[in-house]
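For reference, work.csv is printed below; it contains CSV, C-alpha atoms and all ligand atoms.
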chain,number,residue,atom,x,y,z
A,27,MET,CA,6.5,-44.3,-33.5
A,28,LYS,CA,9.9,-45.1,-32.1
A,29,TYR,CA,10.6,-48.4,-30.4
A,30,GLN,CA,13.9,-49.0,-28.8
A,31,VAL,CA,15.2,-52.0,-26.9
A,32,ILE,CA,17.1,-50.5,-23.9
A,33,THR,CA,18.5,-53.8,-22.7
A,34,LYS,CA,18.0,-57.5,-22.6
A,35,ASP,CA,18.5,-60.1,-19.8
A,36,GLY,CA,18.3,-63.5,-21.4
A,37,ARG,CA,15.3,-63.2,-23.7
A,38,ALA,CA,13.6,-60.7,-21.4
A,39,LYS,CA,13.4,-57.3,-23.1
A,40,ARG,CA,13.3,-53.8,-21.5
A,41,ALA,CA,12.1,-51.4,-24.1
A,42,ARG,CA,10.6,-48.0,-24.7
A,43,MET,CA,8.0,-47.0,-27.2
A,44,GLU,CA,7.3,-43.4,-28.1
A,45,THR,CA,3.9,-42.5,-29.5
A,46,VAL,CA,1.9,-39.4,-30.2
A,47,HIS,CA,0.3,-39.9,-26.8
A,48,GLY,CA,3.6,-40.2,-24.9
A,49,THR,CA,6.1,-42.9,-23.9
A,50,VAL,CA,5.4,-46.5,-22.9
A,51,GLU,CA,8.0,-48.2,-20.8
A,52,THR,CA,7.9,-52.0,-21.4
A,53,PRO,CA,7.2,-54.7,-20.2
A,54,VAL,CA,3.8,-53.1,-19.5
A,55,PHE,CA,0.4,-54.2,-18.3
A,56,MET,CA,-2.4,-52.4,-20.0
A,57,ASN,CA,-5.4,-51.8,-17.8
A,58,VAL,CA,-8.7,-53.1,-19.3
A,59,GLY,CA,-11.5,-50.6,-19.7
A,60,THR,CA,-13.7,-52.4,-22.2
A,61,VAL,CA,-16.3,-49.7,-22.7
A,62,GLY,CA,-14.0,-46.8,-22.0
A,63,ALA,CA,-14.1,-47.3,-18.2
A,64,ILE,CA,-12.4,-49.7,-15.9
A,65,LYS,CA,-15.1,-51.8,-14.2
A,66,GLY,CA,-15.4,-51.1,-10.5
A,67,ALA,CA,-16.0,-47.4,-10.7
A,68,VAL,CA,-12.3,-46.6,-11.5
A,69,SER,CA,-11.8,-43.2,-13.1
A,70,THR,CA,-9.0,-42.0,-15.4
A,71,ASP,CA,-7.8,-39.8,-12.4
A,72,ASP,CA,-7.5,-43.1,-10.5
A,73,LEU,CA,-5.5,-44.6,-13.4
A,74,ARG,CA,-3.0,-41.8,-13.2
A,75,GLU,CA,-2.7,-42.3,-9.5
A,76,ILE,CA,-2.1,-46.1,-9.7
A,77,GLY,CA,0.6,-45.8,-12.4
A,78,THR,CA,-1.3,-46.9,-15.5
A,79,GLN,CA,0.6,-46.4,-18.7
A,80,VAL,CA,-1.8,-47.7,-21.3
A,81,GLU,CA,-5.6,-48.0,-21.2
A,82,LEU,CA,-7.3,-50.7,-23.4
A,83,SER,CA,-10.8,-50.4,-24.8
A,84,ASN,CA,-12.9,-52.5,-27.1
A,85,THR,CA,-13.9,-51.6,-30.7
A,86,TYR,CA,-17.0,-53.9,-30.6
A,87,HIS,CA,-18.4,-52.6,-27.3
A,88,LEU,CA,-18.0,-49.0,-28.1
A,89,HIS,CA,-19.5,-49.6,-31.5
A,90,VAL,CA,-22.7,-51.2,-30.2
A,91,ARG,CA,-23.0,-48.8,-27.2
A,92,THR,CA,-22.8,-45.1,-27.7
A,93,GLY,CA,-21.1,-45.6,-31.0
A,94,ASP,CA,-17.8,-44.6,-32.5
A,95,LYS,CA,-19.4,-41.9,-34.8
A,96,LEU,CA,-20.5,-40.0,-31.8
A,97,ILE,CA,-17.1,-40.4,-30.1
A,98,LYS,CA,-15.4,-39.1,-33.2
A,99,GLU,CA,-17.7,-36.1,-33.2
A,100,PHE,CA,-16.7,-35.5,-29.6
A,101,GLY,CA,-13.1,-35.4,-30.6
A,102,GLY,CA,-12.1,-39.1,-30.1
A,103,LEU,CA,-11.8,-41.5,-27.2
A,104,HIS,CA,-9.0,-39.6,-25.5
A,105,ARG,CA,-11.0,-36.4,-25.1
A,106,PHE,CA,-14.2,-38.4,-24.3
A,107,MET,CA,-12.5,-40.2,-21.3
A,108,ASN,CA,-10.1,-37.4,-20.4
A,109,TRP,CA,-7.1,-39.7,-20.8
A,110,ASP,CA,-4.2,-38.3,-22.7
A,111,ARG,CA,-1.8,-41.2,-22.5
A,112,PRO,CA,-1.8,-44.2,-24.9
A,113,ILE,CA,-4.9,-46.2,-25.6
A,114,LEU,CA,-5.0,-49.5,-27.3
A,115,THR,CA,-8.2,-50.7,-28.9
A,116,ASP,CA,-8.8,-54.4,-29.6
A,117,SER,CA,-10.3,-55.0,-33.0
A,118,GLY,CA,-13.6,-56.6,-32.2
A,119,GLY,CA,-12.6,-59.9,-33.7
A,120,PHE,CA,-12.2,-61.7,-30.4
A,121,GLN,CA,-15.2,-60.1,-28.7
A,122,VAL,CA,-17.4,-61.1,-31.7
A,123,PHE,CA,-16.3,-64.7,-31.2
A,124,SER,CA,-16.7,-64.7,-27.5
A,125,LEU,CA,-19.8,-62.7,-27.0
A,126,ALA,CA,-22.0,-62.3,-29.9
A,127,GLY,CA,-24.9,-64.6,-30.7
A,128,LEU,CA,-25.3,-66.6,-33.9
A,129,ARG,CA,-22.5,-65.6,-36.3
A,130,LYS,CA,-21.4,-66.5,-39.8
A,131,ILE,CA,-17.8,-66.1,-40.8
A,132,LYS,CA,-17.3,-65.3,-44.5
A,133,GLU,CA,-14.3,-64.1,-46.5
A,134,GLU,CA,-15.6,-60.5,-46.3
A,135,GLY,CA,-16.0,-60.6,-42.5
A,136,VAL,CA,-18.4,-61.7,-39.7
A,137,TYR,CA,-22.2,-61.5,-39.6
A,138,PHE,CA,-23.5,-61.6,-36.1
A,139,ASN,CA,-26.1,-60.5,-33.6
A,140,SER,CA,-25.4,-57.8,-31.0
A,141,HIS,CA,-25.1,-59.1,-27.5
A,142,ILE,CA,-27.2,-56.1,-26.3
A,143,ASP,CA,-30.4,-56.3,-28.4
A,144,GLY,CA,-29.7,-59.0,-31.0
A,145,HIS,CA,-29.7,-56.7,-34.0
A,146,LYS,CA,-27.7,-57.8,-37.0
A,147,ILE,CA,-24.2,-56.4,-37.4
A,148,PHE,CA,-21.5,-57.0,-40.0
A,149,MET,CA,-17.9,-56.4,-39.1
A,150,GLY,CA,-14.9,-57.1,-41.4
A,151,PRO,CA,-11.3,-55.7,-41.5
A,152,GLU,CA,-12.4,-52.4,-43.1
A,153,GLU,CA,-15.3,-51.8,-40.6
A,154,SER,CA,-13.0,-52.6,-37.6
A,155,MET,CA,-10.3,-50.1,-38.9
A,156,ARG,CA,-13.0,-47.4,-39.5
A,157,ILE,CA,-14.4,-47.8,-36.0
A,158,GLN,CA,-10.9,-47.7,-34.4
A,159,SER,CA,-10.0,-44.7,-36.5
A,160,ASN,CA,-13.1,-42.9,-35.3
A,161,LEU,CA,-12.1,-43.7,-31.7
A,162,GLY,CA,-8.6,-42.4,-32.5
A,163,SER,CA,-6.8,-44.8,-30.3
A,164,THR,CA,-3.0,-44.8,-30.2
A,165,ILE,CA,-2.7,-48.5,-31.3
A,166,ALA,CA,-5.3,-50.3,-33.4
A,167,MET,CA,-5.4,-54.1,-33.5
A,168,ALA,CA,-5.9,-56.0,-36.7
A,169,PHE,CA,-9.2,-57.8,-37.2
A,170,ASP,CA,-8.5,-61.5,-36.7
A,171,GLU,CA,-10.2,-64.8,-36.0
A,172,CYS,CA,-9.3,-66.5,-32.7
A,173,PRO,CA,-10.1,-70.2,-33.6
A,174,PRO,CA,-11.7,-72.2,-30.7
A,175,SER,CA,-9.2,-74.2,-28.7
A,176,HIS,CA,-10.8,-77.5,-29.8
A,177,ALA,CA,-10.6,-76.6,-33.6
A,178,SER,CA,-9.0,-79.2,-35.9
A,179,ASP,CA,-5.6,-78.5,-37.5
A,180,ASP,CA,-7.4,-78.2,-40.8
A,181,TYR,CA,-9.8,-75.5,-39.5
A,182,ILE,CA,-6.9,-73.6,-37.9
A,183,ARG,CA,-4.9,-73.6,-41.1
A,184,HIS,CA,-7.8,-72.1,-43.2
A,185,SER,CA,-8.7,-69.7,-40.4
A,186,VAL,CA,-5.1,-68.4,-40.2
A,187,GLU,CA,-4.8,-68.0,-43.9
A,188,ARG,CA,-8.0,-65.8,-43.8
A,189,THR,CA,-6.6,-63.9,-40.9
A,190,THR,CA,-3.6,-63.1,-43.0
A,191,ARG,CA,-5.7,-61.8,-45.9
A,192,TRP,CA,-7.7,-59.8,-43.4
A,193,LEU,CA,-4.5,-58.3,-42.1
A,194,ALA,CA,-3.5,-57.1,-45.6
A,195,ARG,CA,-6.9,-55.4,-45.9
A,196,CYS,CA,-6.5,-53.9,-42.4
A,197,LYS,CA,-3.2,-52.4,-43.4
A,198,THR,CA,-4.5,-50.9,-46.7
A,199,GLU,CA,-7.6,-49.4,-45.0
A,200,MET,CA,-5.5,-48.0,-42.1
A,201,GLU,CA,-3.1,-46.3,-44.5
A,202,ARG,CA,-6.1,-44.8,-46.3
A,203,LEU,CA,-7.7,-43.6,-43.1
A,204,ASN,CA,-4.5,-42.1,-41.7
A,205,SER,CA,-4.2,-40.0,-44.9
A,206,LEU,CA,-7.6,-38.4,-44.6
A,207,PRO,CA,-7.6,-34.8,-43.3
A,208,ASP,CA,-10.4,-35.2,-40.7
A,209,THR,CA,-9.1,-38.4,-39.0
A,210,VAL,CA,-8.9,-38.1,-35.2
A,211,ASN,CA,-5.3,-39.6,-34.9
A,212,ARG,CA,-3.5,-39.7,-38.3
A,213,GLU,CA,-0.6,-41.4,-36.7
A,214,GLN,CA,-2.6,-44.4,-35.5
A,215,LEU,CA,-0.5,-47.5,-35.2
A,216,LEU,CA,-1.5,-51.0,-36.4
A,217,PHE,CA,-0.4,-54.2,-34.7
A,218,GLY,CA,-0.8,-57.5,-36.5
A,219,ILE,CA,-2.0,-60.7,-34.7
A,220,ASN,CA,-0.4,-64.1,-34.9
A,221,GLN,CA,-2.7,-67.1,-34.6
A,222,GLY,CA,-2.4,-70.8,-35.1
A,223,GLY,CA,-3.8,-72.5,-32.0
A,224,VAL,CA,-1.2,-74.8,-30.4
A,225,VAL,CA,0.1,-76.1,-33.7
A,226,GLU,CA,3.8,-75.2,-33.8
A,227,GLU,CA,4.3,-75.2,-37.6
A,228,ILE,CA,1.2,-73.0,-38.3
A,229,ARG,CA,2.2,-70.5,-35.6
A,230,MET,CA,5.8,-70.2,-36.9
A,231,GLU,CA,4.8,-70.0,-40.5
A,232,HIS,CA,2.2,-67.4,-39.8
A,233,ALA,CA,4.6,-65.3,-37.7
A,234,ARG,CA,7.2,-65.3,-40.5
A,235,THR,CA,4.4,-64.3,-43.0
A,236,ILE,CA,3.2,-61.3,-41.0
A,237,ARG,CA,6.7,-60.3,-40.1
A,238,GLU,CA,7.1,-59.4,-43.8
A,239,MET,CA,4.1,-57.1,-43.7
A,240,ASP,CA,6.0,-54.4,-41.8
A,241,LEU,CA,3.5,-53.6,-39.0
A,242,ASP,CA,4.1,-51.3,-36.0
A,243,GLY,CA,3.9,-54.2,-33.6
A,244,TYR,CA,3.0,-57.9,-33.3
A,245,ALA,CA,0.5,-59.6,-31.0
A,246,VAL,CA,0.3,-63.3,-30.2
A,247,GLY,CA,-3.4,-64.0,-30.0
A,248,GLY,CA,-5.4,-67.2,-29.6
A,249,LEU,CA,-3.6,-68.2,-26.3
A,250,ALA,CA,-5.1,-68.5,-22.8
A,251,VAL,CA,-8.2,-69.9,-24.5
A,252,GLY,CA,-8.2,-73.3,-22.8
A,253,GLU,CA,-4.8,-74.8,-23.5
A,254,SER,CA,-2.4,-75.6,-20.6
A,255,HIS,CA,0.1,-73.1,-19.3
A,256,GLU,CA,2.9,-75.4,-20.6
A,257,GLU,CA,1.4,-75.4,-24.1
A,258,MET,CA,1.1,-71.6,-24.0
A,259,TYR,CA,4.8,-71.2,-22.9
A,260,HIS,CA,5.9,-73.6,-25.6
A,261,ILE,CA,4.1,-71.7,-28.3
A,262,LEU,CA,5.7,-68.5,-27.1
A,263,ASP,CA,9.1,-70.3,-27.1
A,264,VAL,CA,8.8,-71.1,-30.8
A,265,THR,CA,6.8,-68.1,-32.1
A,266,VAL,CA,8.4,-65.0,-30.5
A,267,PRO,CA,11.8,-65.7,-32.2
A,268,CYS,CA,10.0,-65.6,-35.6
A,269,LEU,CA,8.7,-62.1,-35.0
A,270,PRO,CA,11.0,-59.0,-35.5
A,271,GLU,CA,13.3,-58.1,-32.6
A,272,ASP,CA,12.9,-54.4,-33.2
A,273,LYS,CA,9.1,-54.3,-32.8
A,274,PRO,CA,6.9,-54.6,-29.7
A,275,VAL,CA,5.4,-58.0,-28.9
A,276,TYR,CA,2.0,-58.2,-27.2
A,277,LEU,CA,0.5,-61.3,-25.6
A,278,MET,CA,-3.3,-60.8,-25.8
A,279,GLY,CA,-5.5,-61.4,-22.7
A,280,VAL,CA,-2.7,-62.8,-20.5
A,281,GLY,CA,-2.8,-63.4,-17.6
A,282,THR,CA,-1.9,-64.3,-14.0
A,283,PRO,CA,1.2,-62.8,-12.4
A,284,ALA,CA,3.0,-66.1,-13.0
A,285,ASN,CA,1.9,-66.1,-16.7
A,286,ILE,CA,3.3,-62.6,-17.1
A,287,LEU,CA,6.6,-63.5,-15.4
A,288,GLU,CA,7.1,-66.5,-17.7
A,289,ALA,CA,6.1,-64.6,-20.9
A,290,VAL,CA,8.4,-61.7,-20.1
A,291,ASP,CA,11.1,-64.3,-20.0
A,292,ARG,CA,10.2,-65.2,-23.6
A,293,GLY,CA,10.4,-61.7,-24.9
A,294,VAL,CA,6.9,-60.3,-24.5
A,295,ASP,CA,6.5,-56.5,-24.0
A,296,PHE,CA,2.7,-55.9,-23.7
A,297,PHE,CA,0.0,-57.6,-21.7
A,298,ASP,CA,-3.6,-57.1,-20.8
A,299,CYS,CA,-6.0,-59.1,-18.7
A,300,VAL,CA,-9.3,-58.8,-16.9
A,301,TYR,CA,-8.1,-60.8,-13.9
A,302,PRO,CA,-7.0,-57.9,-11.6
A,303,SER,CA,-10.3,-56.0,-12.1
A,304,ARG,CA,-12.6,-59.0,-12.2
A,305,ASN,CA,-11.0,-60.6,-9.1
A,306,GLY,CA,-11.1,-57.3,-7.4
A,307,ARG,CA,-14.9,-57.1,-7.8
A,308,HIS,CA,-15.1,-60.5,-6.2
A,309,GLY,CA,-13.0,-59.5,-3.2
A,310,HIS,CA,-10.0,-61.5,-4.4
A,311,VAL,CA,-6.8,-59.5,-3.9
A,312,TYR,CA,-3.2,-60.1,-4.9
A,313,THR,CA,-0.3,-59.9,-2.4
A,314,ASN,CA,3.3,-61.0,-2.6
A,315,GLN,CA,2.3,-63.9,-0.4
A,316,GLY,CA,-0.5,-65.0,-2.7
A,317,LYS,CA,-4.1,-64.1,-3.2
A,318,LEU,CA,-6.5,-63.4,-0.3
A,319,ASN,CA,-10.3,-63.8,-0.4
A,320,LEU,CA,-11.5,-60.9,1.7
A,321,PHE,CA,-14.9,-62.5,2.2
A,322,ASN,CA,-13.1,-65.0,4.5
A,323,GLN,CA,-14.2,-64.6,8.1
A,324,LYS,CA,-10.6,-64.6,9.3
A,325,TYR,CA,-10.3,-61.0,8.2
A,326,GLU,CA,-13.4,-59.7,10.1
A,327,LEU,CA,-11.2,-58.0,12.8
A,328,ASP,CA,-8.0,-57.7,10.7
A,329,SER,CA,-6.7,-54.2,11.1
A,330,ARG,CA,-3.9,-54.6,8.6
A,331,PRO,CA,-4.0,-53.2,5.1
A,332,ILE,CA,-4.4,-55.7,2.2
A,333,GLU,CA,-0.7,-55.7,1.9
A,334,GLU,CA,1.7,-54.1,4.3
A,335,GLY,CA,3.8,-51.4,2.6
A,336,CYS,CA,1.5,-51.1,-0.5
A,337,GLY,CA,1.1,-47.5,-1.7
A,338,CYS,CA,-2.3,-48.0,-3.3
A,339,PRO,CA,-5.3,-45.9,-2.3
A,340,ALA,CA,-6.9,-48.9,-0.5
A,341,CYS,CA,-3.9,-49.8,1.6
A,342,ARG,CA,-2.9,-46.3,2.5
A,343,SER,CA,-6.2,-45.7,4.3
A,344,TYR,CA,-8.3,-48.9,5.0
A,345,SER,CA,-8.1,-52.1,6.8
A,346,ARG,CA,-8.9,-55.6,5.6
A,347,ALA,CA,-11.8,-55.7,8.1
A,348,TYR,CA,-13.4,-52.5,6.7
A,349,ILE,CA,-13.0,-53.6,3.1
A,350,ARG,CA,-14.5,-57.0,4.0
A,351,HIS,CA,-17.4,-55.3,5.6
A,352,LEU,CA,-18.0,-53.1,2.4
A,353,LEU,CA,-17.9,-56.2,0.2
A,354,LYS,CA,-20.3,-58.1,2.4
A,355,ALA,CA,-22.6,-55.0,2.5
A,356,LYS,CA,-22.3,-54.9,-1.4
A,357,GLU,CA,-21.1,-51.4,-1.2
A,358,MET,CA,-19.5,-50.2,-4.5
A,359,LEU,CA,-16.6,-48.8,-2.5
A,360,GLY,CA,-15.5,-52.4,-1.5
A,361,MET,CA,-15.2,-53.5,-5.2
A,362,ARG,CA,-13.5,-50.2,-6.1
A,363,LEU,CA,-10.8,-50.4,-3.4
A,364,CYS,CA,-10.0,-54.1,-4.3
A,365,THR,CA,-9.8,-53.2,-8.0
A,366,LEU,CA,-7.5,-50.3,-7.3
A,367,HIS,CA,-5.3,-52.4,-5.1
A,368,ASN,CA,-5.1,-55.2,-7.8
A,369,LEU,CA,-4.3,-52.9,-10.7
A,370,TYR,CA,-1.7,-51.2,-8.5
A,371,PHE,CA,-0.2,-54.6,-7.7
A,372,TYR,CA,0.1,-55.5,-11.4
A,373,ASN,CA,1.4,-52.0,-12.4
A,374,THR,CA,4.0,-52.3,-9.6
A,375,MET,CA,5.0,-55.8,-10.6
A,376,MET,CA,5.7,-54.5,-14.1
A,377,LYS,CA,7.9,-51.7,-12.7
A,378,GLU,CA,9.8,-54.3,-10.6
A,379,ILE,CA,10.2,-56.5,-13.8
A,380,ARG,CA,11.6,-53.5,-15.7
A,381,ASP,CA,14.0,-52.7,-12.9
A,382,ALA,CA,15.1,-56.3,-12.6
A,383,ILE,CA,15.8,-56.6,-16.4
A,384,GLU,CA,17.7,-53.3,-16.4
A,385,GLU,CA,19.8,-54.6,-13.5
A,386,HIS,CA,20.3,-58.0,-15.2
A,387,ARG,CA,18.8,-59.9,-12.3
A,388,TYR,CA,15.5,-61.0,-13.9
A,389,ALA,CA,16.0,-64.8,-13.3
A,390,GLU,CA,16.4,-64.2,-9.5
A,391,TYR,CA,13.6,-61.7,-9.4
A,392,LYS,CA,11.2,-64.1,-11.2
A,393,ALA,CA,12.1,-67.0,-8.9
A,394,ALA,CA,11.7,-65.0,-5.8
A,395,LYS,CA,8.3,-63.5,-6.9
A,396,LEU,CA,7.0,-66.9,-7.9
A,397,ALA,CA,8.1,-68.5,-4.7
A,398,GLY,CA,6.4,-65.9,-2.6
A,399,MET,CA,3.0,-66.2,-4.5
A,400,GLU,CA,3.3,-70.0,-4.8
A,401,GLY,CA,0.1,-71.9,-5.4
A,402,SER,CA,-2.1,-68.9,-5.8
A,403,SER,CA,-1.3,-67.5,-9.2
A,404,ARG,CA,-4.8,-66.8,-10.2
A,501,LIG,N1,-7.5,-61.8,-30.7
A,501,LIG,C1,-8.0,-60.5,-30.4
A,501,LIG,N2,-8.1,-60.2,-29.1
A,501,LIG,C2,-7.8,-61.0,-28.1
A,501,LIG,C3,-7.4,-62.3,-28.4
A,501,LIG,C4,-7.2,-62.7,-29.8
A,501,LIG,O1,-6.8,-63.9,-30.1
A,501,LIG,C5,-7.2,-62.9,-27.2
A,501,LIG,C6,-6.7,-64.3,-26.9
A,501,LIG,N3,-6.3,-64.5,-25.6
A,501,LIG,C7,-7.5,-62.0,-26.2
A,501,LIG,N4,-7.9,-60.9,-26.8
A,501,LIG,N5,-8.2,-59.7,-31.4
A,502,ZN,ZN,-2.8,-51.9,-1.9

In structure tokens, write the structure found in this file.
Amino acid sequence: MKYQVITKDGRAKRARMETVHGTVETPVFMNVGTVGAIKGAVSTDDLREIGTQVELSNTYHLHVRTGDKLIKEFGGLHRFMNWDRPILTDSGGFQVFSLAGLRKIKEEGVYFNSHIDGHKIFMGPEESMRIQSNLGSTIAMAFDECPPSHASDDYIRHSVERTTRWLARCKTEMERLNSLPDTVNREQLLFGINQGGVVEEIRMEHARTIREMDLDGYAVGGLAVGESHEEMYHILDVTVPCLPEDKPVYLMGVGTPANILEAVDRGVDFFDCVYPSRNGRHGHVYTNQGKLNLFNQKYELDSRPIEEGCGCPACRSYSRAYIRHLLKAKEMLGMRLCTLHNLYFYNTMMKEIRDAIEEHRYAEYKAAKLAGMEGSSR
């Protein structure tokens, strides 16, 4: 893996990461395909067309449905999905905490019930690394605990210490797996995850600790879980400078276009979020003038595309009126077109961000983009 900062504009970074599955130009928005498919009937052919650089899948979901062993036997997730560009897999930690039923967190890992049929599962750092190794993703995420936003400082401190011990175990297991002859991707990368809620000191201390562990990249987790936007930006302000300059920084599960514009300004490279796809399935579409709800009656005879000048498959061929009709008729095509437009909007915004940083006009770009979308950032 080679990661190179091409240029900086203030704290905003324009960088390039080379992996065994090709190059990633950052800042980048990864398109979320939890079970190895973007919800809304979006294919990997579609992803290529809308400019997706990295696809993101979830360890936990692929483990409980279909199973990572079967995917390994098939030749790995890349071959399974027919996607030859980078894939990042989330470790399962966050999904276990947000989805699974009754769970017990122990030093060795987490005992919980499957959200599909309730059967008992155990997942710890080694299990998560083995599953991600079977999937053969480009980037594996460390197994962490994302403490609830209402947790006490004392709980957060103990949780973060355990996440650090888990990270050491992830690293050891990943090195072992990458040295085995029948591993799908023997150059699988490992990103560590910073936690600490909104407690400044814990965040900074944890960032300095994991920085010493020499990982391929660093994520900031545990944000966008109920705190205010200002708290999130403040935590980024104090945490990102404690992480290495020469490694990629990933803000997990964030966010709105406004959140991304602000986080880029604080040195973040990688993003992912379900908003564009989830909003698309509900007929909420992003434009440079803010979000539209295509269910609104005012679009029933609107012959314009979702956004004038947009090059996405929806805007190239269809009117707001027709897409509104599809959504009202509950036709899958309606959700699909809105999802394609929204992902294209995010991917295009990231391209604009990269160009603006390269041309040292990021502050102006950000201000203009935010002013245009004002008041409708979600
Ligand atoms: N940890 C992991 N995945 C995540 C998060 C986290 O804290 C978040 C928090 N926004 C999203 N996805 N492993
Ligand atoms: Zn469009």

Q: Select, from A:Glu152, A:Glu357, A:Glu333, A:Glu378, the residue with the minimum atom-to-atom distance to ligand ZN 502 (chain A), counting all atoms listed in the file.
A: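 Nearest candidate to ligand ZN 502 (chain A) out of A:Glu152, A:Glu357, A:Glu333, A:Glu378: A:Glu333.
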
Q: Just give me the gap between CA of Lys146 (chain A) and CA of Lys130 (chain A) in Å, one decimal is fine.
A: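 That distance, rounded to one decimal, is 11.1 Å.
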
What are the nearest atom pairs, with distances in Å to one decimal, for all residues of chain A that come at most 10 Å from ligand ZN 502 (chain A), using all atoms listed in the file, set out by chain and rising residue number as a tab-separated table?
residue	atom	partner	partner_atom	distance
A:Ile76	CA	A:ZN502	ZN	9.7
A:Val311	CA	A:ZN502	ZN	8.8
A:Tyr312	CA	A:ZN502	ZN	8.7
A:Thr313	CA	A:ZN502	ZN	8.4
A:Pro331	CA	A:ZN502	ZN	7.2
A:Ile332	CA	A:ZN502	ZN	5.8
A:Glu333	CA	A:ZN502	ZN	5.8
A:Glu334	CA	A:ZN502	ZN	8.0
A:Gly335	CA	A:ZN502	ZN	8.0
A:Cys336	CA	A:ZN502	ZN	4.6
A:Gly337	CA	A:ZN502	ZN	5.9
A:Cys338	CA	A:ZN502	ZN	4.2
A:Pro339	CA	A:ZN502	ZN	6.5
A:Ala340	CA	A:ZN502	ZN	5.3
A:Cys341	CA	A:ZN502	ZN	4.2
A:Arg342	CA	A:ZN502	ZN	7.1
A:Ser343	CA	A:ZN502	ZN	9.4
A:Tyr344	CA	A:ZN502	ZN	9.3
A:Leu363	CA	A:ZN502	ZN	8.3
A:Cys364	CA	A:ZN502	ZN	7.9
A:Thr365	CA	A:ZN502	ZN	9.4
A:Leu366	CA	A:ZN502	ZN	7.3
A:His367	CA	A:ZN502	ZN	4.1
A:Asn368	CA	A:ZN502	ZN	7.1
A:Leu369	CA	A:ZN502	ZN	9.0
A:Tyr370	CA	A:ZN502	ZN	6.7
A:Phe371	CA	A:ZN502	ZN	6.9

Q: Around ligand LIG 501 (chain A), at most 7 Å away and counting only C-alpha atoms and all ligand atoms, which residues are there? Put them as number ranges by chain, please.
A: A: 116-120, 167-172, 219, 221, 247-251, 278-280

Q. Rounded to one decimal in Å, what is the spacing between CA of Gly66 (chain A) and CA of Ile97 (chain A)?
A.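 Separation of CA of Gly66 (chain A) and CA of Ile97 (chain A): 22.4 Å.
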
Q: Counting all atoms listed in the file, note down every residue that has an atom within 7 Å of the point (9.3, -46.7, -31.5) (file coordinates), as a list in words.
A: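 Applying the cut-off with all atoms listed in the file, one gets Met27, Lys28, Tyr29, Gln30, Met43 and Glu44 of chain A.
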
**Q.** Atomic distance CA of Lys197 (chain A) - CA of Glu133 (chain A), expressed in Å with one decimal
**A.** 16.4 Å

**Q.** region 106-109 of chain A environment, 8 Å, all atoms listed in the file, sequence neighbours closer than 6 positions dropped, as a VMD selection string
**A.** chain A and resid 62 to 63 70 97 100

**Q.** From A:Lys95, A:Asn314, A:Leu287, A:Gln323, residue lying nearest Val54 (chain A) [only C-alpha atoms]
**A.**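 Smallest separation from Val54 (chain A) among the options: A:Leu287.
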
Q) Which of these residues is nearest to Leu327 (chain A), using all atoms listed in the file: A:His310, A:Arg202, A:Lys273, A:Arg350? A)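 Once distances to Leu327 (chain A) are computed over all atoms listed in the file, the minimum belongs to A:Arg350.
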